[in-house]
Each structure stands twice: as structure tokens, then as C-alpha cells.
Amino acid sequence: MDVSILDQTQLIDGESSETEFNNTVALAQYLDELGYTRYWLSEHHSTDALAGSAPEILASFLLAKTKNIRVGSGGVMLPHYSSYKVSEMFNVMSALAPGRVDLGVGRAPGGHHLSNIALQSGVIAKRNVDQFPQKLDEIAHYFRNKVPEDSVVKGLQTTPKVNQPAVLWLLGTSNDSAKLAAKQGLPYVFAHFINYEAGAMDEAIALYRAQFQPSTTLSHPKVIVAIKTILADTDEYAQALAKSAVHANFYLHRGVLSRLVSPDKALSEVHTKKEWAEVQAIKDTYLIGSKQTVAKQLKELKSKLNIDEVMTLSPIYDFESRKYSLKLLKEVTDTM
């Protein structure tokens with residue numbers, strides 16, 4: 001099974017954005033050597049916890065620093081932007097690195113209401129939400145350089161013209177996104193790390209496969225599941241490493257988006273049985289453990305959902321431990 005990564009450029013307590021971006025470059029190069037399929041970057045705004053506010057810029061830089069791995073966005077938050085401008089940016093990338101560029105798009109804001117207003121030049125974000133299917137369709141047309149005859153921009157060219165445009169992916173967390181991806185004949189990514197409600201992923205993927213309509217770019221449905229994974233040599237050590245990420249999730253539930261703290265500091269303020277039950281519930285949404293433990297979990301997931309690829313988020317405080325976790329995950333997927 002193919003394995004990829006979504007890097008949120010999650011910042012570490014006490015470290016600078018510059019340091020974490022340097023780690024992003026080093027990690028991309030490392031995973032390129034390991035044979036990972038793709039390296040995607042997320043978009044988040046107005047937070048000191050995640051540095052990736054411009055995935056298209058970071059993706060361009062990583063394409064220049066790697067050789068084989070596909071690089072792209074996971075994703076560009078399309079309601080904020082002109083679909084034409086997005087298409088041209090990714091055409092430039094595709095000309096610079098033919099056959100290696102992915103454009104994952106989503107409809108989430110990637111921030112709170114103030115960043116939404118700022119990104120849309122003072123226009124309330126709600127105004128653009130319903131335009132998402134239209135914008136998605138526009139990108140498909142722009143990539144083919146075939147604007148519909150009834151379009152107000154008939155005759156418009158998308159430049160530069162490229163032989164291999166970016167592959168367009170739809171990202172989602174709901175039945176609506178699954179049905180839209182199926183209708184437009186696009187590959188689909190379900191963000192389990194965002195929506196881990198019981199049965200939500202199963203239902204969305206089943207709908208996507210059942211309603212998929214072949215397109216000029218994709219003849220059969222293709223599914224990636226994006227899920228958080230933390231691996232180590234033993235289950236016990238993996239659980240210890242996971243404390244930093246679980247700590248961040250615990251406070252995210254309380255409206256606080258925080259940097260990763262060291263495992264020995266994480267969850268120090270959790271005391272009650274109710275809070276510890278919440279911590280365990282958060283852990284249950286991850287794949288945490290040794291190679292053997294995670295292999296069993298992944299095989300069950302693949303068998304149940306018939307997924308084509310797993311995309312990991314690996315929020316681990318120590319960079320070398322993060323690299324090792326991703327190495328172990330590659331070894332697991334190589335056997336599947």
C-alpha cells in the first residue's frame with residue numbers, strides 16, 4: 001500500500017518557525033529517499049501553533065529540494081481564492097517539476113473568522129462557501145485549457161501551458177464532500193484526523209465509491225485516508241511519544257491550538273477520571289504502537305474500506321523520533 005504524509009508544519013514549544021521549516025525540508029528529503037509517495041502541506045492562518053500558511057510556496061521549495069516524491073497541498077482552501085490564480089500557480093509548479101505536483105483543495109477556512117475576512121479582502125467568508133463546487137469545476141477546466149462555451153471568460157488561457165498538469169484531489173470530512181468528489185470524478189481524501197466520529201469515514205467512502213462517475217482524468221475511484229500515526233520499537237514507547245500530540249488535541253477541544261510540548265510536560269494538568277477518559281478517546285483516533293501493532297490496525301482498515309493509500313500525520317516532539325516513526329510506517333506499508 002502506498003504511504004504519504006501531510007505535514008502541518010506544527011511548531012515545537014520554544015522553537016522558531018525557521019527551525020521547523022528547516023526540519024520540513026530535511027524530512028521531505030528523507031521521505032523521498034525512503035520511497036514515500038507524496039508530501040503534502042496544509043494551510044492554516046492566524047495561529048502560532050502551525051507555520052504553514054502558504055502551502056503553494058512551501059511546495060515549490062520542496063519540489064526543488066527533492067527528486068522523486070510527489071509534492072502538493074493538503075490543501076489549498078479554495079473558497080478564499082481565485083480558481084484561475086490557483087490553477088496558474090500550480091501550472092508553474094508543474095512546469096518546474098513535471099509529473100510530481102498534486103493540488104489538494106478543501107472548503108474549510110483554515111482559520112477563524114478574522115483570517116477569513118482578511119483573506120477575502122473584508123468580504124464575509126460565508127458569501128463564498130456555496131461557490132466551492134463551481135470553483136472546483138473551474139480548476140478542472142483551467143487545467144485542460146478548455147473553458148466552457150457559455151463562460152464569461154470564454155477564450156481565456158491558463159498559462160503556462162504544461163504537458164502534465166497537477167493532479168486535482170478533493171479533501172473532505174463528510175458525505176457532502178464524498179458525493180462531490182464522486183460527481184466530478186476526482187480522487188478523494190478523507191481527513192479522519194479531523195472527523196473521527198464513529199462510522200463517518202466508512203459511510204463517506206462507501207458513498208464515494210457507489211456514486212463515482214468516471215472523468216477525463218480518473219476512470220476508477222481512488223481513496224486516501226489521512227490519519228495520525230505514531231510508531232516506535234515498542235507499544236510503550238510509542239504511547240509515551242504520543243503524549244505530546246494527545247496534549248495538543250486535548251486543548252484543541254477547549255478552543256486552544258497549542259504548540260507541541262515535550263512528552264514529560266504533556267498532560268500534566270489532566271487529573272479527573274473524566275479528563276483521562278477523554279485522553280483515551282483521543283488516543284483511540286490514532287494508530288499508536290510498534291510495527292506489529294500498527295500493521296494489524298492498518299490491515300483491518302484497508303480490508304474494511306478498500307483504501308488505496310494511507311496519508312500520515314505524525315506530530316512527534318523529537319525530530320529524530322518523528323523520522324524513525326515514519327521509517328517504521330514505510331516498512332509496515334511495504335508488506336501490505
# chains A, B, ... in the order shown; residues from 1 in each chain; ligands from 1

call {"tool": "select_by_dssp", "arguments": {"residues": "region 143-276 of chain A", "states": "strand (DSSP E or B)", "output": "CSV table (one decimal) with all heavy atoms, in the first residue's frame"}}
result
chain,number,residue,atom,x,y,z
A,167,VAL,N,-2.3,17.0,-10.4
A,167,VAL,CA,-3.4,16.1,-10.2
A,167,VAL,C,-4.3,16.8,-9.1
A,167,VAL,O,-3.9,17.1,-8.0
A,167,VAL,CB,-3.0,14.7,-9.7
A,167,VAL,CG1,-4.2,13.9,-9.3
A,167,VAL,CG2,-2.2,14.0,-10.8
A,168,LEU,N,-5.6,16.9,-9.5
A,168,LEU,CA,-6.6,17.6,-8.6
A,168,LEU,C,-7.2,16.6,-7.7
A,168,LEU,O,-7.8,15.6,-8.1
A,168,LEU,CB,-7.6,18.3,-9.4
A,168,LEU,CG,-8.7,19.1,-8.7
A,168,LEU,CD1,-8.2,20.2,-7.8
A,168,LEU,CD2,-9.7,19.7,-9.7
A,169,TRP,N,-7.1,16.8,-6.3
A,169,TRP,CA,-7.7,16.0,-5.3
A,169,TRP,C,-8.7,16.8,-4.5
A,169,TRP,O,-8.5,18.0,-4.2
A,169,TRP,CB,-6.7,15.5,-4.3
A,169,TRP,CG,-5.7,14.5,-4.9
A,169,TRP,CD1,-4.6,14.8,-5.7
A,169,TRP,CD2,-5.7,13.1,-4.7
A,169,TRP,NE1,-3.9,13.6,-6.0
A,169,TRP,CE2,-4.6,12.6,-5.3
A,169,TRP,CE3,-6.5,12.2,-3.9
A,169,TRP,CZ2,-4.2,11.2,-5.3
A,169,TRP,CZ3,-6.2,10.9,-3.9
A,169,TRP,CH2,-5.1,10.4,-4.6
A,170,LEU,N,-9.8,16.1,-4.1
A,170,LEU,CA,-10.8,16.8,-3.3
A,170,LEU,C,-10.6,16.2,-1.8
A,170,LEU,O,-10.6,15.0,-1.6
A,170,LEU,CB,-12.2,16.5,-3.7
A,170,LEU,CG,-13.3,17.1,-2.9
A,170,LEU,CD1,-13.2,18.6,-2.7
A,170,LEU,CD2,-14.7,16.8,-3.4
A,171,LEU,N,-10.4,17.2,-0.9
A,171,LEU,CA,-10.3,16.8,0.5
A,171,LEU,C,-11.6,17.0,1.2
A,171,LEU,O,-12.3,17.9,1.0
A,171,LEU,CB,-9.2,17.7,1.2
A,171,LEU,CG,-8.0,18.0,0.4
A,171,LEU,CD1,-7.0,18.8,1.2
A,171,LEU,CD2,-7.3,16.7,-0.1
A,172,GLY,N,-11.9,16.1,2.2
A,172,GLY,CA,-13.2,16.3,2.9
A,172,GLY,C,-13.3,15.5,4.1
A,172,GLY,O,-12.4,14.6,4.5
A,188,TYR,N,-10.3,11.2,-3.9
A,188,TYR,CA,-10.8,11.7,-2.7
A,188,TYR,C,-10.0,11.4,-1.5
A,188,TYR,O,-9.4,10.2,-1.4
A,188,TYR,CB,-12.2,11.1,-2.5
A,188,TYR,CG,-13.0,11.5,-1.3
A,188,TYR,CD1,-13.2,12.9,-1.0
A,188,TYR,CD2,-13.5,10.6,-0.4
A,188,TYR,CE1,-13.9,13.3,0.1
A,188,TYR,CE2,-14.2,11.0,0.8
A,188,TYR,CZ,-14.4,12.3,1.0
A,188,TYR,OH,-15.1,12.7,2.1
A,189,VAL,N,-9.8,12.3,-0.6
A,189,VAL,CA,-9.1,12.1,0.6
A,189,VAL,C,-10.0,12.4,1.8
A,189,VAL,O,-10.6,13.5,1.9
A,189,VAL,CB,-7.9,13.1,0.8
A,189,VAL,CG1,-7.1,12.8,2.0
A,189,VAL,CG2,-7.0,13.0,-0.5
A,190,PHE,N,-10.2,11.4,2.7
A,190,PHE,CA,-11.0,11.6,3.8
A,190,PHE,C,-10.1,11.9,5.0
A,190,PHE,O,-9.2,11.1,5.3
A,190,PHE,CB,-11.8,10.4,4.2
A,190,PHE,CG,-12.8,10.6,5.3
A,190,PHE,CD1,-14.1,11.1,5.1
A,190,PHE,CD2,-12.4,10.4,6.6
A,190,PHE,CE1,-15.0,11.4,6.1
A,190,PHE,CE2,-13.3,10.7,7.7
A,190,PHE,CZ,-14.6,11.2,7.4
A,191,ALA,N,-10.3,13.1,5.7
A,191,ALA,CA,-9.5,13.5,6.8
A,191,ALA,C,-10.0,12.9,8.1
A,191,ALA,O,-10.7,13.6,8.8
A,191,ALA,CB,-9.4,15.0,6.8
A,223,VAL,N,-9.0,6.4,-3.3
A,223,VAL,CA,-9.2,6.9,-1.9
A,223,VAL,C,-7.9,6.9,-1.1
A,223,VAL,O,-7.2,5.9,-1.1
A,223,VAL,CB,-10.3,6.1,-1.2
A,223,VAL,CG1,-10.4,6.6,0.3
A,223,VAL,CG2,-11.6,6.1,-1.9
A,224,ILE,N,-7.7,8.0,-0.4
A,224,ILE,CA,-6.7,8.1,0.6
A,224,ILE,C,-7.3,8.4,1.9
A,224,ILE,O,-8.3,9.2,2.0
A,224,ILE,CB,-5.7,9.3,0.3
A,224,ILE,CG1,-4.8,9.0,-1.0
A,224,ILE,CG2,-4.7,9.5,1.5
A,224,ILE,CD1,-3.9,10.1,-1.3
A,225,VAL,N,-6.9,7.8,3.0
A,225,VAL,CA,-7.3,8.1,4.3
A,225,VAL,C,-6.2,8.8,5.0
A,225,VAL,O,-5.0,8.3,5.1
A,225,VAL,CB,-7.7,6.9,5.1
A,225,VAL,CG1,-7.9,7.2,6.6
A,225,VAL,CG2,-9.1,6.3,4.6
A,226,ALA,N,-6.4,10.0,5.6
A,226,ALA,CA,-5.4,10.8,6.3
A,226,ALA,C,-5.7,10.6,7.8
A,226,ALA,O,-6.7,10.9,8.3
A,226,ALA,CB,-5.5,12.2,6.0
A,227,ILE,N,-4.7,10.0,8.5
A,227,ILE,CA,-4.9,9.6,9.9
A,227,ILE,C,-3.5,9.8,10.6
A,227,ILE,O,-2.5,9.7,10.0
A,227,ILE,CB,-5.3,8.1,9.9
A,227,ILE,CG1,-5.8,7.7,11.3
A,227,ILE,CG2,-4.2,7.1,9.4
A,227,ILE,CD1,-6.5,6.4,11.4
A,228,LYS,N,-3.6,10.1,11.9
A,228,LYS,CA,-2.4,10.3,12.7
A,228,LYS,C,-1.8,8.9,13.1
A,228,LYS,O,-2.5,8.0,13.6
A,228,LYS,CB,-2.8,11.1,13.9
A,228,LYS,CG,-3.1,12.6,13.6
A,228,LYS,CD,-3.4,13.4,14.8
A,228,LYS,CE,-3.6,14.9,14.4
A,228,LYS,NZ,-3.9,15.7,15.6
A,229,THR,N,-0.5,8.8,12.9
A,229,THR,CA,0.2,7.6,13.3
A,229,THR,C,1.4,8.0,14.1
A,229,THR,O,2.1,9.0,13.8
A,229,THR,CB,0.6,6.8,12.1
A,229,THR,OG1,1.7,7.5,11.4
A,229,THR,CG2,-0.5,6.6,11.1
A,230,ILE,N,1.7,7.2,15.1
A,230,ILE,CA,2.9,7.3,15.9
A,230,ILE,C,3.5,5.9,16.2
A,230,ILE,O,2.8,5.1,16.9
A,230,ILE,CB,2.7,8.1,17.2
A,230,ILE,CG1,2.2,9.5,16.9
A,230,ILE,CG2,3.9,8.1,18.1
A,230,ILE,CD1,1.9,10.3,18.1
A,231,LEU,N,4.7,5.6,15.7
A,231,LEU,CA,5.3,4.3,15.8
A,231,LEU,C,6.6,4.4,16.5
A,231,LEU,O,7.3,5.4,16.4
A,231,LEU,CB,5.5,3.7,14.4
A,231,LEU,CG,4.3,3.1,13.7
A,231,LEU,CD1,3.5,4.2,13.0
A,231,LEU,CD2,4.7,2.1,12.6
A,260,LEU,N,3.5,21.9,20.1
A,260,LEU,CA,3.8,20.6,20.7
A,260,LEU,C,4.7,20.8,21.9
A,260,LEU,O,5.8,21.4,21.8
A,260,LEU,CB,4.5,19.6,19.7
A,260,LEU,CG,3.6,19.0,18.6
A,260,LEU,CD1,4.5,18.1,17.8
A,260,LEU,CD2,2.4,18.2,19.2

call {"tool": "closest_atom_pairs", "arguments": {"of": "region 151-211 of chain A", "to": "region 313-327 of chain A", "cutoff": "12 Å", "atoms": "only C-alpha atoms", "output": "tab-separated table"}}
result
residue	atom	partner	partner_atom	distance
A:Ala191	CA	A:Leu313	CA	10.3
A:His192	CA	A:Leu313	CA	10.4
A:Phe193	CA	A:Leu313	CA	8.2
A:Ile194	CA	A:Leu313	CA	11.2

call {"tool": "write_last_selection", "arguments": {"atoms": "all heavy atoms", "output": "PDB file, in the first residue's frame"}}
result
ATOM      1  N   ALA A 191     -10.317  13.067   5.653  1.00  0.00           N
ATOM      2  CA  ALA A 191      -9.473  13.517   6.769  1.00  0.00           C
ATOM      3  C   ALA A 191      -9.995  12.933   8.078  1.00  0.00           C
ATOM      4  O   ALA A 191     -10.725  13.589   8.828  1.00  0.00           O
ATOM      5  CB  ALA A 191      -9.442  15.037   6.823  1.00  0.00           C
ATOM      6  N   HIS A 192      -9.583  11.711   8.360  1.00  0.00           N
ATOM      7  CA  HIS A 192     -10.009  11.046   9.590  1.00  0.00           C
ATOM      8  C   HIS A 192      -9.500  11.790  10.819  1.00  0.00           C
ATOM      9  O   HIS A 192     -10.137  11.774  11.875  1.00  0.00           O
ATOM     10  CB  HIS A 192      -9.495   9.605   9.601  1.00  0.00           C
ATOM     11  CG  HIS A 192      -9.779   8.864  10.871  1.00  0.00           C
ATOM     12  ND1 HIS A 192      -8.925   8.899  11.954  1.00  0.00           N
ATOM     13  CD2 HIS A 192     -10.820   8.074  11.232  1.00  0.00           C
ATOM     14  CE1 HIS A 192      -9.432   8.163  12.933  1.00  0.00           C
ATOM     15  NE2 HIS A 192     -10.577   7.654  12.525  1.00  0.00           N
ATOM     16  N   PHE A 193      -8.365  12.469  10.696  1.00  0.00           N
ATOM     17  CA  PHE A 193      -7.796  13.171  11.849  1.00  0.00           C
ATOM     18  C   PHE A 193      -8.653  14.372  12.253  1.00  0.00           C
ATOM     19  O   PHE A 193      -8.498  14.902  13.353  1.00  0.00           O
ATOM     20  CB  PHE A 193      -6.356  13.622  11.552  1.00  0.00           C
ATOM     21  CG  PHE A 193      -6.248  14.692  10.498  1.00  0.00           C
ATOM     22  CD1 PHE A 193      -6.149  16.031  10.854  1.00  0.00           C
ATOM     23  CD2 PHE A 193      -6.226  14.364   9.152  1.00  0.00           C
ATOM     24  CE1 PHE A 193      -6.036  17.021   9.882  1.00  0.00           C
ATOM     25  CE2 PHE A 193      -6.124  15.342   8.175  1.00  0.00           C
ATOM     26  CZ  PHE A 193      -6.028  16.680   8.542  1.00  0.00           C
ATOM     27  N   ILE A 194      -9.559  14.797  11.368  1.00  0.00           N
ATOM     28  CA  ILE A 194     -10.484  15.878  11.696  1.00  0.00           C
ATOM     29  C   ILE A 194     -11.838  15.319  12.131  1.00  0.00           C
ATOM     30  O   ILE A 194     -12.385  15.708  13.162  1.00  0.00           O
ATOM     31  CB  ILE A 194     -10.664  16.837  10.502  1.00  0.00           C
ATOM     32  CG1 ILE A 194      -9.346  17.547  10.177  1.00  0.00           C
ATOM     33  CG2 ILE A 194     -11.759  17.861  10.790  1.00  0.00           C
ATOM     34  CD1 ILE A 194      -9.411  18.414   8.938  1.00  0.00           C
TER      35      ILE A 194
END

call {"tool": "residues_around", "arguments": {"residues": "Lys291 (chain A)", "least_positions_apart": "6", "cutoff": "12 Å", "atoms": "only C-alpha atoms", "output": "JSON, numbers by chain"}}
result
{"A": [229, 230, 231, 232, 233, 234, 235, 237, 238, 297, 298, 299, 324, 325, 326, 327, 328, 329, 330, 331, 332, 333, 334, 335]}

call {"tool": "residues_around", "arguments": {"residues": "region 24-33 of chain A", "least_positions_apart": "6", "cutoff": "7 Å", "atoms": "only C-alpha atoms", "output": "VMD selection string"}}
result
chain A and resid 9 39 62 65 to 66 68 to 69

call {"tool": "write_last_selection", "arguments": {"atoms": "N, CA and C atoms", "output": "CSV table (one decimal), in the first residue's frame"}}
result
chain,number,residue,atom,x,y,z
A,9,THR,N,3.4,21.4,9.4
A,9,THR,CA,4.4,22.3,10.0
A,9,THR,C,4.1,22.8,11.4
A,39,TYR,N,4.2,14.2,-0.5
A,39,TYR,CA,4.4,15.0,0.7
A,39,TYR,C,3.6,16.2,0.5
A,62,LEU,N,10.0,22.7,-1.8
A,62,LEU,CA,10.3,21.3,-1.6
A,62,LEU,C,10.5,20.5,-2.9
A,65,LYS,N,13.9,20.8,-3.8
A,65,LYS,CA,14.8,20.1,-2.8
A,65,LYS,C,14.7,18.6,-2.9
A,66,THR,N,13.8,18.1,-3.6
A,66,THR,CA,13.6,16.6,-3.7
A,66,THR,C,13.7,16.1,-5.1
A,68,ASN,N,12.1,12.6,-6.4
A,68,ASN,CA,11.0,11.7,-6.9
A,68,ASN,C,9.7,11.9,-6.3
A,69,ILE,N,9.6,12.2,-5.0
A,69,ILE,CA,8.4,12.3,-4.3
A,69,ILE,C,7.4,13.3,-4.9

call {"tool": "closest_residue", "arguments": {"among": "A:Ile57, A:Ile5, A:Leu207, A:Ala198", "to": "Val86 (chain A)", "atoms": "only C-alpha atoms"}}
result
A:Ile57

call {"tool": "closest_residue", "arguments": {"among": "A:Asp13, A:Asp150, A:Asp48, A:Glu20", "to": "Val256 (chain A)", "atoms": "only C-alpha atoms"}}
result
A:Asp48

call {"tool": "select_by_dssp", "arguments": {"residues": "region 100-193 of chain A", "states": "helix (DSSP H, G or I)", "output": "number ranges by chain"}}
result
A: 113-119, 126-129, 132-144, 175-184
